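**Student:** Sharing my_file-v5.tsv here; it has TSV, C-alpha atoms.
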```
chain	number	residue	atom	x	y	z
A	1	ASP	CA	152.57	6.10	219.16
A	2	SER	CA	149.73	5.84	221.64
A	3	THR	CA	149.44	9.61	221.88
A	4	ALA	CA	148.78	10.09	218.13
A	5	THR	CA	145.22	10.95	217.15
A	6	ASP	CA	143.36	11.54	213.89
A	7	ARG	CA	139.94	12.75	212.90
A	8	ALA	CA	137.93	12.53	209.70
A	9	ASN	CA	134.56	13.94	208.64
A	10	ILE	CA	132.42	11.37	206.85
A	11	THR	CA	129.28	12.42	205.02
A	12	ILE	CA	126.52	9.80	205.07
A	13	GLU	CA	123.65	10.18	202.63
A	14	ALA	CA	120.42	8.19	202.75
A	15	ARG	CA	119.92	6.04	199.66
A	16	PRO	CA	116.68	6.69	197.71
A	17	ASP	CA	114.03	4.22	198.85
A	18	HIS	CA	111.52	3.45	196.11
A	19	ARG	CA	108.53	2.33	198.16
A	20	TRP	CA	104.93	2.67	197.03
A	21	ASP	CA	101.45	1.73	198.19
A	22	ILE	CA	99.52	0.50	195.15
A	23	SER	CA	95.87	-0.56	195.20
A	24	ILE	CA	93.25	-1.24	192.53
A	25	VAL	CA	89.97	0.47	193.43
A	26	GLN	CA	87.82	-2.23	191.81
A	27	GLY	CA	89.54	-4.97	193.82
A	28	ASN	CA	91.64	-7.93	192.73
A	29	TRP	CA	88.94	-9.92	190.89
A	30	MET	CA	86.17	-8.93	188.51
A	31	HIS	CA	83.92	-10.15	185.71
A	32	VAL	CA	84.33	-8.71	182.21
A	33	THR	CA	82.48	-9.10	178.92
A	34	PRO	CA	83.79	-9.38	175.33
A	35	GLY	CA	84.29	-5.99	173.70
A	36	GLU	CA	84.17	-4.13	177.03
A	37	ALA	CA	86.38	-1.04	177.38
A	38	LEU	CA	87.61	-1.65	180.92
A	39	GLU	CA	89.14	1.19	182.96
A	40	LEU	CA	91.00	0.08	186.07
A	41	THR	CA	91.45	2.83	188.65
A	42	ILE	CA	94.72	2.60	190.59
A	43	ASP	CA	95.55	4.56	193.74
A	44	LEU	CA	99.25	5.31	194.37
A	45	THR	CA	101.07	6.73	197.42
A	46	ASN	CA	104.80	7.44	197.54
A	47	THR	CA	105.90	5.91	200.88
A	48	GLY	CA	109.62	6.17	200.07
A	49	ASN	CA	112.03	8.85	201.21
A	50	ASN	CA	112.42	10.94	198.06
A	51	ASP	CA	110.46	12.60	195.27
A	52	ASP	CA	109.71	9.80	192.87
A	53	LEU	CA	107.59	8.59	189.99
A	54	ILE	CA	106.45	5.09	189.12
A	55	SER	CA	105.72	3.09	185.98
A	56	LEU	CA	103.41	0.07	185.91
A	57	THR	CA	104.04	-2.52	183.20
A	58	PRO	CA	101.11	-4.90	182.54
A	59	SER	CA	101.54	-8.55	181.58
A	60	PHE	CA	98.89	-11.24	181.14
A	61	THR	CA	98.82	-14.95	181.89
A	62	ILE	CA	95.75	-16.38	180.14
A	63	ILE	CA	93.87	-19.55	181.03
A	64	HIS	CA	91.84	-20.05	177.87
A	65	SER	CA	88.46	-21.74	177.92
A	66	GLY	CA	87.92	-24.35	175.21
A	67	ASN	CA	89.23	-23.22	171.83
A	68	ASP	CA	89.51	-19.56	172.82
A	69	VAL	CA	92.56	-17.97	171.16
A	70	SER	CA	92.02	-14.39	172.33
A	71	VAL	CA	95.07	-12.15	172.81
A	72	TRP	CA	95.10	-9.68	175.73
A	73	GLU	CA	97.17	-6.49	175.75
A	74	ALA	CA	97.56	-3.23	177.68
A	75	GLU	CA	100.00	-0.32	177.62
A	76	ILE	CA	102.51	0.81	180.27
A	77	ILE	CA	101.17	3.61	182.48
A	78	ASN	CA	103.07	6.25	184.49
A	79	SER	CA	102.39	8.42	187.50
A	80	SER	CA	103.30	12.06	187.90
A	81	ARG	CA	106.30	12.88	190.11
A	82	LEU	CA	105.18	12.75	193.73
A	83	GLY	CA	106.74	13.97	196.95
A	84	VAL	CA	107.05	11.81	200.05
A	85	LEU	CA	103.56	10.64	201.18
A	86	GLU	CA	101.86	12.33	198.23
A	87	SER	CA	99.20	10.37	196.34
A	88	ASP	CA	97.92	10.11	192.80
A	89	THR	CA	95.23	8.17	190.92
A	90	ILE	CA	95.91	6.76	187.45
A	91	SER	CA	93.90	4.59	185.05
A	92	LEU	CA	94.77	1.49	183.05
A	93	SER	CA	92.71	0.94	179.87
A	94	ILE	CA	92.08	-2.63	178.73
A	95	MET	CA	89.98	-3.58	175.72
A	96	ILE	CA	88.52	-7.02	176.44
A	97	PRO	CA	88.95	-9.10	173.24
A	98	GLU	CA	85.76	-9.47	171.21
A	99	ASN	CA	86.55	-13.15	170.63
A	100	SER	CA	87.12	-14.10	174.27
A	101	TRP	CA	85.10	-17.08	175.49
A	102	ALA	CA	83.05	-17.44	178.65
A	103	GLY	CA	85.18	-18.90	181.44
A	104	THR	CA	88.49	-17.59	180.12
A	105	VAL	CA	90.57	-16.11	182.96
A	106	ALA	CA	93.16	-13.38	182.42
A	107	ASN	CA	95.60	-12.98	185.29
A	108	LEU	CA	96.97	-9.44	185.03
A	109	THR	CA	100.24	-8.54	186.76
A	110	LEU	CA	101.34	-4.90	187.12
A	111	THR	CA	105.10	-4.71	187.67
A	112	ALA	CA	106.34	-1.48	189.24
A	113	SER	CA	109.53	0.28	188.19
A	114	SER	CA	111.17	3.66	188.73
A	115	SER	CA	113.67	5.26	186.35
A	116	GLY	CA	113.76	2.00	184.42
A	117	PHE	CA	114.63	-0.17	187.44
A	118	ASP	CA	112.37	-2.88	188.88
A	119	ILE	CA	111.55	-1.92	192.48
A	120	GLY	CA	110.28	-5.36	193.54
A	121	ARG	CA	106.58	-4.46	193.74
A	122	GLU	CA	103.78	-6.23	191.87
A	123	VAL	CA	99.98	-6.04	191.94
A	124	ASN	CA	97.71	-8.76	190.56
A	125	ILE	CA	94.11	-8.79	189.39
A	126	GLU	CA	92.08	-11.65	187.94
A	127	LEU	CA	89.66	-10.94	185.09
A	128	GLU	CA	87.08	-13.62	184.26
A	129	VAL	CA	84.99	-13.49	181.10
A	130	GLU	CA	81.23	-13.72	181.66
A	131	ASN	CA	78.83	-15.79	179.58
A	132	VAL	CA	77.10	-13.79	176.84
A	133	ALA	CA	74.35	-15.39	174.76
A	134	GLY	CA	73.55	-14.39	171.19
A	135	TRP	CA	72.11	-16.00	168.05
A	136	ARG	CA	71.25	-14.88	164.54
A	137	LEU	CA	69.25	-16.55	161.78
A	138	ASP	CA	70.76	-15.94	158.33
A	139	LEU	CA	68.11	-16.17	155.60
A	140	SER	CA	70.20	-14.53	152.86
A	141	ASN	CA	70.83	-17.78	150.95
A	142	THR	CA	67.60	-19.56	151.87
A	143	SER	CA	64.85	-20.13	149.33
A	144	LEU	CA	61.59	-19.19	151.06
A	145	GLU	CA	59.30	-20.70	148.43
A	146	VAL	CA	57.48	-23.91	149.38
A	147	PRO	CA	55.17	-26.10	147.25
A	148	PRO	CA	51.46	-26.36	148.14
A	149	GLU	CA	52.01	-29.74	149.81
A	150	GLY	CA	54.70	-28.25	152.05
A	151	GLY	CA	58.47	-28.39	152.07
A	152	GLU	CA	61.66	-27.88	154.01
A	153	LEU	CA	63.63	-24.71	154.66
A	154	HIS	CA	67.33	-24.88	155.54
A	155	ILE	CA	68.32	-21.96	157.71
A	156	ILE	CA	71.79	-20.94	158.88
A	157	VAL	CA	72.07	-20.31	162.64
A	158	GLU	CA	74.99	-18.10	163.65
A	159	GLN	CA	76.51	-18.31	167.14
A	160	ARG	CA	76.96	-14.70	168.29
A	161	GLY	CA	77.58	-15.54	171.95
A	162	ASN	CA	80.86	-16.53	173.62
A	163	ASN	CA	80.14	-20.03	174.91
A	164	PRO	CA	79.70	-23.29	172.95
A	165	SER	CA	75.93	-23.83	173.11
A	166	VAL	CA	73.02	-25.75	171.65
A	167	PRO	CA	70.27	-23.53	170.18
A	168	TYR	CA	66.67	-24.34	171.15
A	169	PHE	CA	63.63	-23.35	169.11
A	170	SER	CA	59.97	-22.72	169.77
A	171	LYS	CA	57.06	-21.46	167.66
A	172	ALA	CA	55.43	-18.24	168.77
A	173	GLY	CA	52.12	-16.89	167.52
A	174	GLN	CA	49.84	-17.98	164.69
A	175	GLY	CA	50.76	-18.60	161.10
A	176	TRP	CA	51.37	-21.41	158.67
A	177	ASN	CA	51.87	-24.94	159.96
A	178	LEU	CA	55.48	-25.06	161.07
A	179	THR	CA	57.53	-27.96	162.45
A	180	LEU	CA	60.72	-27.03	164.29
A	181	PRO	CA	63.46	-29.24	165.68
A	182	ASP	CA	63.66	-29.24	169.46
A	183	SER	CA	67.29	-28.18	169.27
A	184	GLY	CA	70.22	-27.83	166.93
A	185	PRO	CA	73.84	-28.98	167.04
A	186	GLU	CA	76.29	-27.50	169.55
A	187	ILE	CA	77.92	-24.49	167.90
A	188	GLU	CA	81.12	-22.79	169.00
A	189	PRO	CA	81.38	-18.98	169.19
A	190	GLY	CA	81.84	-17.40	165.77
A	191	ASN	CA	80.67	-20.52	163.93
A	192	SER	CA	77.34	-21.47	162.39
A	193	GLY	CA	75.13	-24.50	161.87
A	194	ILE	CA	72.11	-25.38	159.76
A	195	ILE	CA	68.63	-26.26	160.98
A	196	THR	CA	65.84	-27.70	158.87
A	197	ILE	CA	62.22	-26.68	159.42
A	198	THR	CA	59.12	-28.06	157.68
A	199	VAL	CA	56.53	-25.57	156.44
A	200	THR	CA	53.05	-26.50	155.19
A	201	PRO	CA	50.84	-23.76	153.66
A	202	PRO	CA	47.11	-23.72	154.38
A	203	THR	CA	45.02	-25.71	151.89
A	204	ASN	CA	43.45	-22.50	150.58
A	205	ALA	CA	46.77	-20.71	150.02
A	206	VAL	CA	47.28	-19.29	146.53
A	207	ALA	CA	50.47	-18.78	144.57
A	208	GLY	CA	52.42	-15.75	145.78
A	209	GLU	CA	50.72	-15.66	149.17
A	210	VAL	CA	53.08	-14.75	151.97
A	211	GLY	CA	52.99	-16.64	155.24
A	212	VAL	CA	54.44	-15.32	158.47
A	213	LEU	CA	56.67	-17.72	160.38
A	214	SER	CA	57.47	-16.83	163.94
```
Just give me the structure of the file as structure tokens.

**Tutor:**
Amino acid sequence: DSTATDRANITIEARPDHRWDISIVQGNWMHVTPGEALELTIDLTNTGNNDDLISLTPSFTIIHSGNDVSVWEAEIINSSRLGVLESDTISLSIMIPENSWAGTVANLTLTASSSGFDIGREVNIELEVENVAGWRLDLSNTSLEVPPEGGELHIIVEQRGNNPSVPYFSKAGQGWNLTLPDSGPEIEPGNSGIITITVTPPTNAVAGEVGVLS
């Protein structure tokens, strides 16, 4: 019947739109050092159409340098509930592994979610480990007595830095006659090597006399 009519009321509701502006204050690349307690500052703005909150889940892709076996971790962080166009600042804490080597690169991805659902937003930052030098001479098991005609001392050199390196030696100041090697073997971080030095007491030295080697 062409004269028949009908009418219906349809309620249309806007679907929640989980959109966020996310930026890392320090930028998307930075140098870090082993043992550093890094705090990343993250600015958030709710650009969706509803009160919302956001969770950021960190994950790492590591490009290890040499024999570095460091493990990188960080915890999930959450914002407070924000109204439309409201902003918040949150922090992500990362403890840089003590055993990380110079040149290792950690690519950090922060994946955003809301109410347990991935909202298709990611932020990336690249963390590169800086070179840190450090050496220690271990004399605990070294006999420091030498005969009047001179003798050799075998000293343990500990690599306290984070980059495979060759230690170099030089004599500073006055003292007994001392012969040092120009350099030692290449030593990886956390390992040690042995150097041999030759010490000759003065001709007038007496038993029990202490010489200063520097």

**Student:** Using all atoms listed in the file, can you tell me which of A:Leu108, A:Ala133, A:Val32, A:Ile77 comes closest to Ile96 (chain A)?

**Tutor:** A:Val32

**Student:** So, counting only C-alpha atoms, which residue among A:Glu98, A:Asp52, A:Asp17, A:Glu145 is closest to Asn78 (chain A)?

**Tutor:**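 Of A:Glu98, A:Asp52, A:Asp17, A:Glu145, the one nearest Asn78 (chain A), counting only C-alpha atoms, is A:Asp52.
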
**Student:** What does the structure give for the distance between CA of Gly150 (chain A) and CA of Thr198 (chain A), in Å to one decimal?

**Tutor:**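 Those two atoms sit 7.2 Å apart.
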
**Student:** Give me the residues within 10 Å of Phe117 (chain A) as a VMD selection string, counting all atoms listed in the file and dropping any in the same chain fewer than 3 places off.

**Tutor:** chain A and resid 18 54 to 55 112 to 114 120

**Student:** Of the candidates A:Leu137, A:Leu153, A:Ile194, A:Leu53, which one gets nearest to Thr179 (chain A) if we count all atoms listed in the file?

**Tutor:**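 Of A:Leu137, A:Leu153, A:Ile194, A:Leu53, the one nearest Thr179 (chain A), counting all atoms listed in the file, is A:Leu153.
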
**Student:** So, counting only C-alpha atoms, which residue among A:Asn124, A:Ser91, A:Asn191, A:Thr33 is closest to Asn67 (chain A)?

**Tutor:**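 Closest to Asn67 (chain A) of all the choices is A:Asn191.
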
**Student:** For the point (87.1, -10.0, 191.5) in the file's frame, write as a PyMOL selection string all residues with an atom no more than 8 Å away, counting all atoms listed in the file.

**Tutor:** chain A and resi 26-31+125-127

**Student:** Go ahead and save the picked residues with C-alpha atoms, as a PDB file, in the frame of the given file.

**Tutor:**
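File again.pdb, as written:
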```
ATOM      1  CA  GLN A  26      87.820  -2.230 191.810  1.00  0.00           C
ATOM      2  CA  GLY A  27      89.540  -4.970 193.820  1.00  0.00           C
ATOM      3  CA  ASN A  28      91.640  -7.930 192.730  1.00  0.00           C
ATOM      4  CA  TRP A  29      88.940  -9.920 190.890  1.00  0.00           C
ATOM      5  CA  MET A  30      86.170  -8.930 188.510  1.00  0.00           C
ATOM      6  CA  HIS A  31      83.920 -10.150 185.710  1.00  0.00           C
ATOM      7  CA  ILE A 125      94.110  -8.790 189.390  1.00  0.00           C
ATOM      8  CA  GLU A 126      92.080 -11.650 187.940  1.00  0.00           C
ATOM      9  CA  LEU A 127      89.660 -10.940 185.090  1.00  0.00           C
TER      10      LEU A 127
END
```

**Student:** Would you compute the distance between CA of Val199 (chain A) and CA of Pro164 (chain A)? Give it in Å to one decimal.

**Tutor:**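 Atom-to-atom, CA of Val199 (chain A) and CA of Pro164 (chain A) are spaced 28.5 Å apart.
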
**Student:** Tell me which protein, DNA and RNA residues are within 7 Å of region 20-24 of chain A, counting only C-alpha atoms, leaving out same-chain ones fewer than 5 positions away, and put them as a VMD selection string.

**Tutor:** chain A and resid 40 to 48

**Student:** Could you tell me how far CA of Gly116 (chain A) sits from CA of Glu39 (chain A), in Å to one decimal place?

**Tutor:**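 Computed distance, CA of Glu39 (chain A) to CA of Gly116 (chain A), equals 24.7 Å.
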